[in-house]
Amino acid sequence: MWLLNTITLKLEEFCDNELPPYAILSHTWDVPSQEVTFVEMQGLRETITNKTGFAKITNFCRLASQKGYEYGWVDTCCIDKRNSADLSEAINSMYRSYYDSGDCLVYLSDTKPMADWGSLSIAKLDDALRPCRWFTRGWTLQELLAPETRSFFDATWQPITNRHLVSVISNITKIGDACLLFRDNISEVSISERMGWASERHTTRSEDITYSLMGIFNICMPILYGEGGKKAFRRLQKEIMRVSFDQSLFVWKEDVSSSGFLASSPAAFACPPTLGLWAPRNLAPFYMTNVGLSVRLNIVEILVEDRTWVPKNVLEIHDSEDDEEKVQMAIIGCDILNSDNRWVLLALYVQPIPGGSFVINGKLSRAYRRVASHTWTAVPTGALFHRSGPSRSTDVLILEDEHYDLVRRASREHDHRTWNRFGISLPPILRLDLEAKSEPSQT
């Protein structure tokens, strides 16, 4: 790990078991060309002294030295981004770098200086801090959560001290006081809620919104710039499934007609509901296969008496389909706190896939896909009496859209070959329909 000597401003390298106490800087990149890189910091100092990023580094080192730290860490100049292996290692260990720091100095470069931060009321402090870019960037989320100690500074490097600071930061970020005050409480928060913390944050590179979340979920995975934000986020969700049985991972909303159980970005977790875990004795392992998510769920048909509380747009899909493709409810393995402050069941909506069944561990599993992905339902108490419970759960496959497309194409082609095997030609209408539906998707 490269650290910056706060007195000489020279970079020095340390092994993990030899790390000295260090302070760490949290900030936003205002003008990338003005930030000082690893290479520039090792070169001629005269070439970078006029950069605003260099002034930021010197002010940080000055304050860190005043706090008693001989070393500091700044992301712009302490990572050799020319080396992909070093970059991957730095990103995977970023959360730990902030976690292990002695003090995190948070520089809010776009705040308006105040004569006396401590005298501001909650409302005025909120007005002063809420517009800061630091609260909307992806990487700064872990920089807020990981350090044990944080010190905030305004644009002129004056300390922001106010007895309401934690409450205001909680209001802005939607992160509870308990996690802001005691960082180890983060692991006790549901996956859905933690994803929600990042739902309104942004990064310059689409993949970084995923990579910035790895430490929050205690995940390490390869850094693959160029794969795109959606693929990176799906990889993160698959890695989370490897270490957690928290099915709140599936509780999200996106404005798409159909999908699997994996979201495309943290934005899908905006405004997560209050969720509670089910006891492990009521759950079974779930994991992603090459034909979709293998999971044990309680799949419930929508009956006439359910029509009073099932969303109207779900019923429209349900009523438009043939009997074998009617929409059904999938009861997720977590409880939801409803508007009456009672814990009830949570239902997503799925559609059976005709001809879609696979053998998993010697048992035949029916295949479904999620529909009406823009909604879920807190099931009214007693609505599924005698229709829900562990004994009624079954092993199923929830297919992502690409799995669904492949299953439908394979089924049609197999049926076509079966007809031909017996020397029977498909009727012209069915043959044209098969050929049209077998064309590769253009989206």
# chains A, B, ... in the order shown; residues from 1 in each chain; ligands from 1
>>> select_by_dssp(residues="range 135-376 of chain A", states="alpha helix (DSSP H)", output="number ranges by chain")
A: 139-145, 165-173, 177-181, 191-197, 208-211, 229-243, 312-320
>>> closest_residue(among="A:Asn313, A:Arg307, A:Val291, A:Leu297", to="Asp395 in chain A", atoms="only C-alpha atoms")
A:Leu297
>>> residues_around(residues="range 235-240 of chain A", least_positions_apart="4", cutoff="8 Å", atoms="only C-alpha atoms", output="PDB file with N, CA, C and O atoms, in the first residue's frame")
ATOM      1  N   THR A 210     -21.215  -0.460  -9.032  1.00  0.00           N
ATOM      2  CA  THR A 210     -21.155  -1.813  -8.470  1.00  0.00           C
ATOM      3  C   THR A 210     -19.896  -2.008  -7.646  1.00  0.00           C
ATOM      4  O   THR A 210     -19.944  -2.480  -6.504  1.00  0.00           O
ATOM      5  N   MET A 214     -18.870  -3.221  -3.150  1.00  0.00           N
ATOM      6  CA  MET A 214     -18.345  -4.540  -2.775  1.00  0.00           C
ATOM      7  C   MET A 214     -18.010  -4.613  -1.288  1.00  0.00           C
ATOM      8  O   MET A 214     -18.349  -5.588  -0.612  1.00  0.00           O
ATOM      9  N   PHE A 217     -20.890  -5.070   1.181  1.00  0.00           N
ATOM     10  CA  PHE A 217     -21.444  -6.423   1.253  1.00  0.00           C
ATOM     11  C   PHE A 217     -20.360  -7.473   1.512  1.00  0.00           C
ATOM     12  O   PHE A 217     -20.617  -8.669   1.402  1.00  0.00           O
ATOM     13  N   ILE A 219     -17.740  -8.324  -0.205  1.00  0.00           N
ATOM     14  CA  ILE A 219     -17.560  -9.113  -1.426  1.00  0.00           C
ATOM     15  C   ILE A 219     -16.272  -8.683  -2.119  1.00  0.00           C
ATOM     16  O   ILE A 219     -15.957  -7.497  -2.189  1.00  0.00           O
ATOM     17  N   MET A 221     -14.419  -9.394  -5.977  1.00  0.00           N
ATOM     18  CA  MET A 221     -14.617 -10.007  -7.285  1.00  0.00           C
ATOM     19  C   MET A 221     -13.748  -9.286  -8.307  1.00  0.00           C
ATOM     20  O   MET A 221     -13.297  -8.157  -8.072  1.00  0.00           O
ATOM     21  N   LYS A 231     -24.019  -5.853 -16.272  1.00  0.00           N
ATOM     22  CA  LYS A 231     -23.331  -7.124 -16.049  1.00  0.00           C
ATOM     23  C   LYS A 231     -22.558  -7.106 -14.737  1.00  0.00           C
ATOM     24  O   LYS A 231     -22.524  -8.090 -14.003  1.00  0.00           O
ATOM     25  N   SER A 244     -25.048 -15.288   1.438  1.00  0.00           N
ATOM     26  CA  SER A 244     -26.196 -14.817   2.210  1.00  0.00           C
ATOM     27  C   SER A 244     -27.471 -15.531   1.787  1.00  0.00           C
ATOM     28  O   SER A 244     -27.647 -15.862   0.614  1.00  0.00           O
ATOM     29  N   LEU A 249     -32.806  -9.430  -1.320  1.00  0.00           N
ATOM     30  CA  LEU A 249     -32.083  -9.142  -2.553  1.00  0.00           C
ATOM     31  C   LEU A 249     -33.025  -9.109  -3.753  1.00  0.00           C
ATOM     32  O   LEU A 249     -32.750  -8.438  -4.753  1.00  0.00           O
ATOM     33  N   LEU A 262     -33.028 -10.794 -10.631  1.00  0.00           N
ATOM     34  CA  LEU A 262     -31.874  -9.935 -10.424  1.00  0.00           C
ATOM     35  C   LEU A 262     -32.147  -8.557 -11.012  1.00  0.00           C
ATOM     36  O   LEU A 262     -32.611  -8.432 -12.144  1.00  0.00           O
ATOM     37  N   TYR A 287     -29.434 -20.469  -5.568  1.00  0.00           N
ATOM     38  CA  TYR A 287     -28.214 -20.164  -6.290  1.00  0.00           C
ATOM     39  C   TYR A 287     -28.542 -20.004  -7.767  1.00  0.00           C
ATOM     40  O   TYR A 287     -29.571 -20.484  -8.264  1.00  0.00           O
ATOM     41  N   MET A 288     -27.647 -19.306  -8.501  1.00  0.00           N
ATOM     42  CA  MET A 288     -27.849 -19.089  -9.920  1.00  0.00           C
ATOM     43  C   MET A 288     -27.240 -20.244 -10.719  1.00  0.00           C
ATOM     44  O   MET A 288     -26.105 -20.646 -10.470  1.00  0.00           O
TER      45      MET A 288
END
>>> residues_around(residues="Tyr71 in chain A", least_positions_apart="3", cutoff="10 Å", atoms="only C-alpha atoms", output="list in words")
Trp2, Leu3, Leu4, Asn5, Thr6, Ile7, Thr8, Leu9, Lys10, Leu11, Glu12, Leu19, Pro20, Pro21, Tyr22, Ala23, Ile24, Cys61, Ala64, Ser65 and Gly68 of chain A
>>> select_by_dssp(residues="range 232-419 of chain A", states="strand (DSSP E or B)", output="ChimeraX atom specification")
/A:258-259,275-277,287-289,292-301,328-331,334-337,343-344,346-360,363-371,377-378,394-398
>>> closest_residue(among="A:Glu316, A:Asn338, A:Val359, A:Ile191", to="Leu277 in chain A", atoms="only C-alpha atoms")
A:Ile191
>>> atom_distance(atom1="CA of Arg130 in chain A", atom2="CA of Ile160 in chain A")
13.8 Å
>>> atom_distance(atom1="CA of Val327 in chain A", atom2="CA of Asp401 in chain A")
16.4 Å
>>> closest_residue(among="A:Trp139, A:Phe182, A:Phe245, A:Tyr225", to="Ala198 in chain A", atoms="only C-alpha atoms")
A:Trp139
>>> closest_residue(among="A:Leu384, A:Cys334, A:Leu141, A:Val304", to="Ile209 in chain A", atoms="only C-alpha atoms")
A:Leu141
>>> closest_residue(among="A:His386, A:Arg408, A:Lys51, A:His374", to="Thr37 in chain A", atoms="only C-alpha atoms")
A:Lys51
>>> residues_around(residues="range 101-117 of chain A", least_positions_apart="6", cutoff="7 Å", atoms="only C-alpha atoms", output="PyMOL selection string")
chain A and resi 21-27+128-129+132+134+147+149-156+160-162
>>> write_last_selection(atoms="N, CA, C and O atoms", output="CSV table (one decimal), in the first residue's frame")
chain,number,residue,atom,x,y,z
A,21,PRO,N,0.0,4.0,11.4
A,21,PRO,CA,-1.3,4.7,11.5
A,21,PRO,C,-1.3,5.8,10.4
A,21,PRO,O,-0.3,6.4,10.1
A,22,TYR,N,-2.5,5.9,9.8
A,22,TYR,CA,-2.6,6.9,8.7
A,22,TYR,C,-4.0,7.5,8.7
A,22,TYR,O,-5.0,6.9,9.2
A,23,ALA,N,-4.1,8.7,8.2
A,23,ALA,CA,-5.3,9.4,7.9
A,23,ALA,C,-5.7,9.2,6.5
A,23,ALA,O,-4.8,8.8,5.7
A,24,ILE,N,-6.9,9.4,6.1
A,24,ILE,CA,-7.4,9.1,4.8
A,24,ILE,C,-8.3,10.2,4.3
A,24,ILE,O,-9.0,10.8,5.1
A,25,LEU,N,-8.2,10.6,3.0
A,25,LEU,CA,-9.0,11.7,2.5
A,25,LEU,C,-10.3,11.2,1.8
A,25,LEU,O,-10.2,10.2,0.9
A,26,SER,N,-11.4,11.7,2.0
A,26,SER,CA,-12.6,11.5,1.2
A,26,SER,C,-13.0,12.8,0.6
A,26,SER,O,-13.2,13.8,1.2
A,27,HIS,N,-13.2,12.7,-0.7
A,27,HIS,CA,-13.5,14.0,-1.5
A,27,HIS,C,-14.2,13.6,-2.8
A,27,HIS,O,-14.3,12.4,-3.1
A,128,ALA,N,-27.4,23.7,4.0
A,128,ALA,CA,-26.0,23.9,3.6
A,128,ALA,C,-25.3,22.7,3.1
A,128,ALA,O,-24.5,22.8,2.1
A,129,LEU,N,-25.7,21.5,3.6
A,129,LEU,CA,-25.0,20.3,3.2
A,129,LEU,C,-25.6,19.5,2.1
A,129,LEU,O,-25.0,18.8,1.3
A,132,CYS,N,-24.3,19.3,-1.6
A,132,CYS,CA,-23.0,18.8,-1.9
A,132,CYS,C,-22.9,17.6,-2.7
A,132,CYS,O,-23.6,16.6,-2.5
A,134,TRP,N,-20.8,15.4,-2.7
A,134,TRP,CA,-20.2,14.3,-2.0
A,134,TRP,C,-21.4,13.3,-1.6
A,134,TRP,O,-21.1,12.1,-1.4
A,147,PRO,N,-15.0,4.2,7.8
A,147,PRO,CA,-14.1,4.8,8.9
A,147,PRO,C,-14.8,4.8,10.3
A,147,PRO,O,-16.0,4.9,10.4
A,149,THR,N,-13.7,7.0,12.5
A,149,THR,CA,-13.8,8.4,12.9
A,149,THR,C,-13.8,9.2,11.6
A,149,THR,O,-13.0,8.9,10.7
A,150,ARG,N,-14.7,10.2,11.6
A,150,ARG,CA,-14.8,11.1,10.4
A,150,ARG,C,-14.7,12.5,10.9
A,150,ARG,O,-15.3,12.9,11.9
A,151,SER,N,-14.0,13.4,10.1
A,151,SER,CA,-13.9,14.8,10.4
A,151,SER,C,-14.3,15.5,9.1
A,151,SER,O,-13.8,15.2,8.0
A,152,PHE,N,-15.3,16.4,9.2
A,152,PHE,CA,-15.8,17.1,8.0
A,152,PHE,C,-15.3,18.5,7.9
A,152,PHE,O,-15.1,19.2,8.9
A,153,PHE,N,-15.0,18.9,6.6
A,153,PHE,CA,-14.4,20.3,6.4
A,153,PHE,C,-15.1,20.9,5.2
A,153,PHE,O,-15.5,20.2,4.3
A,154,ASP,N,-15.3,22.2,5.3
A,154,ASP,CA,-15.9,23.0,4.2
A,154,ASP,C,-14.9,23.4,3.1
A,154,ASP,O,-13.7,22.9,3.2
A,155,ALA,N,-15.3,24.2,2.2
A,155,ALA,CA,-14.5,24.5,1.0
A,155,ALA,C,-13.2,25.2,1.4
A,155,ALA,O,-12.2,25.2,0.7
A,156,THR,N,-13.2,25.9,2.6
A,156,THR,CA,-12.0,26.6,3.0
A,156,THR,C,-11.2,25.8,4.1
A,156,THR,O,-10.3,26.3,4.7
A,160,ILE,N,-16.3,21.4,10.1
A,160,ILE,CA,-17.8,21.4,10.2
A,160,ILE,C,-18.2,20.7,11.5
A,160,ILE,O,-18.2,19.4,11.5
A,161,THR,N,-18.4,21.3,12.5
A,161,THR,CA,-18.7,20.7,13.8
A,161,THR,C,-20.1,21.2,14.2
A,161,THR,O,-20.3,22.4,14.3
A,162,ASN,N,-21.0,20.3,14.5
A,162,ASN,CA,-22.4,20.7,14.9
A,162,ASN,C,-23.0,19.5,15.5
A,162,ASN,O,-22.9,18.3,15.1
>>> atom_distance(atom1="CA of Glu148 in chain A", atom2="CA of Glu188 in chain A")
17.1 Å
>>> closest_residue(among="A:Gly43, A:Val166, A:Gly355, A:Leu144", to="Glu413 in chain A", atoms="only C-alpha atoms")
A:Gly355
